[in-house]
Amino acid sequence: MRNLRDPIPLPAGIRTACALALALALAMAGRAAAQAPAGTAPRGSSTDGFEVTTDRLDYAFAENLEFRLEADLPGQVEQVYLRYTIGQDAPRNRRVPEFTPGGRRVEARHQEALVRGAIPPASVIRWWWSVVLDDGRELATEPREERYMDERFDWQSLEGEEIRVWWYDAPRNLAEEIAGQAGAALGRLAPLIGSHPDRLVEIVTYQNQEDLRNAMFDRGEGYEERLSTLGARVAPDILILDAGSGAMELEEVIAHELSHLVLHLHFEESYMDAPLWLDEGLAMYVEGPLDSGEQRTLDRAVAADALMSVRSLTSFPGNPDQVELAYAQSRDFVAFLIDSGGEERFRRLLTELGQAEADVDSLLLDTYGYDQLGLYQAWRASKSLPPAATPAPGSTPRPLPRPAPLDGGGLPCAPALWLPLAALVWRRRSTGRKTSSSE
Ligand SMILES: [Zn+2]
């Protein structure tokens, strides 16, 4: 393994061994692929004389990838292409590497600079090359794969039927506990969503915020000082966790993030989405009941009739003071749908949402007989609140109670712009209270 960065400064006495062991970070499958002899067989006809001597990927986590090909050719090289994918169902990247045209031997190299968070840990990177000769023949290598892991740590993994847990620097029973909690959460999700994940889910467990940071997009210093990420969905089938800082709430965080993951895998296309109140509300629902602080916030808002409508919670407020209520209300909307209509009807709503191009109002109307406004009114009635005022036809809509917009950079809702895949659970450090989660 080349291209290893210097060991980063680590808390004294804690992770020295891991820092020294960073070269072990190549995960099992990846390591086997990387260290196997370059058994690359050319494809297509007229490939006699195409002999690959080097075909490898080296990387420095969150810094760069370097692909290299060395091969003897049955003709003179005119062009070389590198193609690679990151993760399953991922778009294909095409690059023209550095190489010198003309010889009967090619030495090609492509380096890709990475920003942190650009490639989730535990992603499988798959690559292959094609070499065009001056007589027009095109030679291709067999695809190879390597698993991309944060090389600072000595990763171990535990594989179950639906989940693989990656961890370092912790006893095996931590991973077993996480696997057990994840399995239980999948069991709770199945009757609500109607499916299990269609692939192995990777859960990458870090031990603290500092370790986790390189696996996340940079949100700016202020953000990271104020908020911790306890868990995030960073790819369709990958969750990252901070098992150290989030130990108290680990089970809830796992259930929450798995809910986002299973729901999106249930959808037919990766671009499909659920309104935030439904996605976050379901994630909160499978966590279990609201905690006492969240319940108090909801009760107070109901008592004062200072609530946000269902439709306004299609996106979440930028004002952090309103975020807890947004989550609590979203959970309550979902609980209302499940309690009043049963699991089967709720499943039908989610399935139709993941199949159709139709908007959520017409799907709700189909399955429940009311749209988002009707749901809000029915939910209010269940709280013994009068119907919310609705605009008369043709009039300017009365603004629904809506929190102030984002006041300054880097607060909870902003990540939606930068990290559409990440479902984040945040915790405000000063209070230890979960304040928001963002999709
Ligand atoms: Zn969430």
# chains A, B, ... in the order shown; residues from 1 in each chain; ligands from 1

call {"tool": "select_by_dssp", "arguments": {"residues": "range 156-325 of chain A", "states": "strand (DSSP E)", "output": "list in words"}}
result
Gln156, Ser157, Leu158, Glu159, Ile163, Arg164, Val165, Trp166, Trp167, Val201, Glu202, Ile203, Val204, Thr205, Tyr206, Leu227, Ser228, Thr229, Leu230, Gly231, Ala232, Arg233, Val234, Ala235, Ile238, Leu239, Ile240, Leu241 and Asp242 of chain A

call {"tool": "select_by_dssp", "arguments": {"residues": "range 170-203 of chain A", "states": "helix (DSSP H, G or I)", "output": "list in words"}}
result
Arg172, Asn173, Leu174, Ala175, Glu176, Glu177, Ile178, Ala179, Gly180, Gln181, Ala182, Gly183, Ala184, Ala185, Leu186, Gly187, Arg188, Leu189, Ala190, Pro191, Leu192 and Ile193 of chain A

call {"tool": "residues_around", "arguments": {"residues": "Gly194 in chain A", "least_positions_apart": "6", "cutoff": "10 Å", "atoms": "only C-alpha atoms", "output": "list in words"}}
result
Val262, Leu263, His266, Glu343, Glu344, Phe346, Arg347, Arg348, Leu350 and Thr351 of chain A

call {"tool": "residues_around", "arguments": {"residues": "Asp279 in chain A", "least_positions_apart": "3", "cutoff": "9 Å", "atoms": "only C-alpha atoms", "output": "PyMOL selection string"}}
result
chain A and resi 259-260+263+273-276+282-284+330+439

call {"tool": "residues_around", "arguments": {"residues": "range 86-102 of chain A", "least_positions_apart": "4", "cutoff": "10 Å", "atoms": "only C-alpha atoms", "output": "ChimeraX atom specification"}}
result
/A:67-70,75-82,106-112,119-120,122-129,133-134,145-148,199,235-238,270

call {"tool": "atom_distance", "arguments": {"atom1": "CA of Thr85 in chain A", "atom2": "CA of Leu241 in chain A"}}
result
24.2 Å
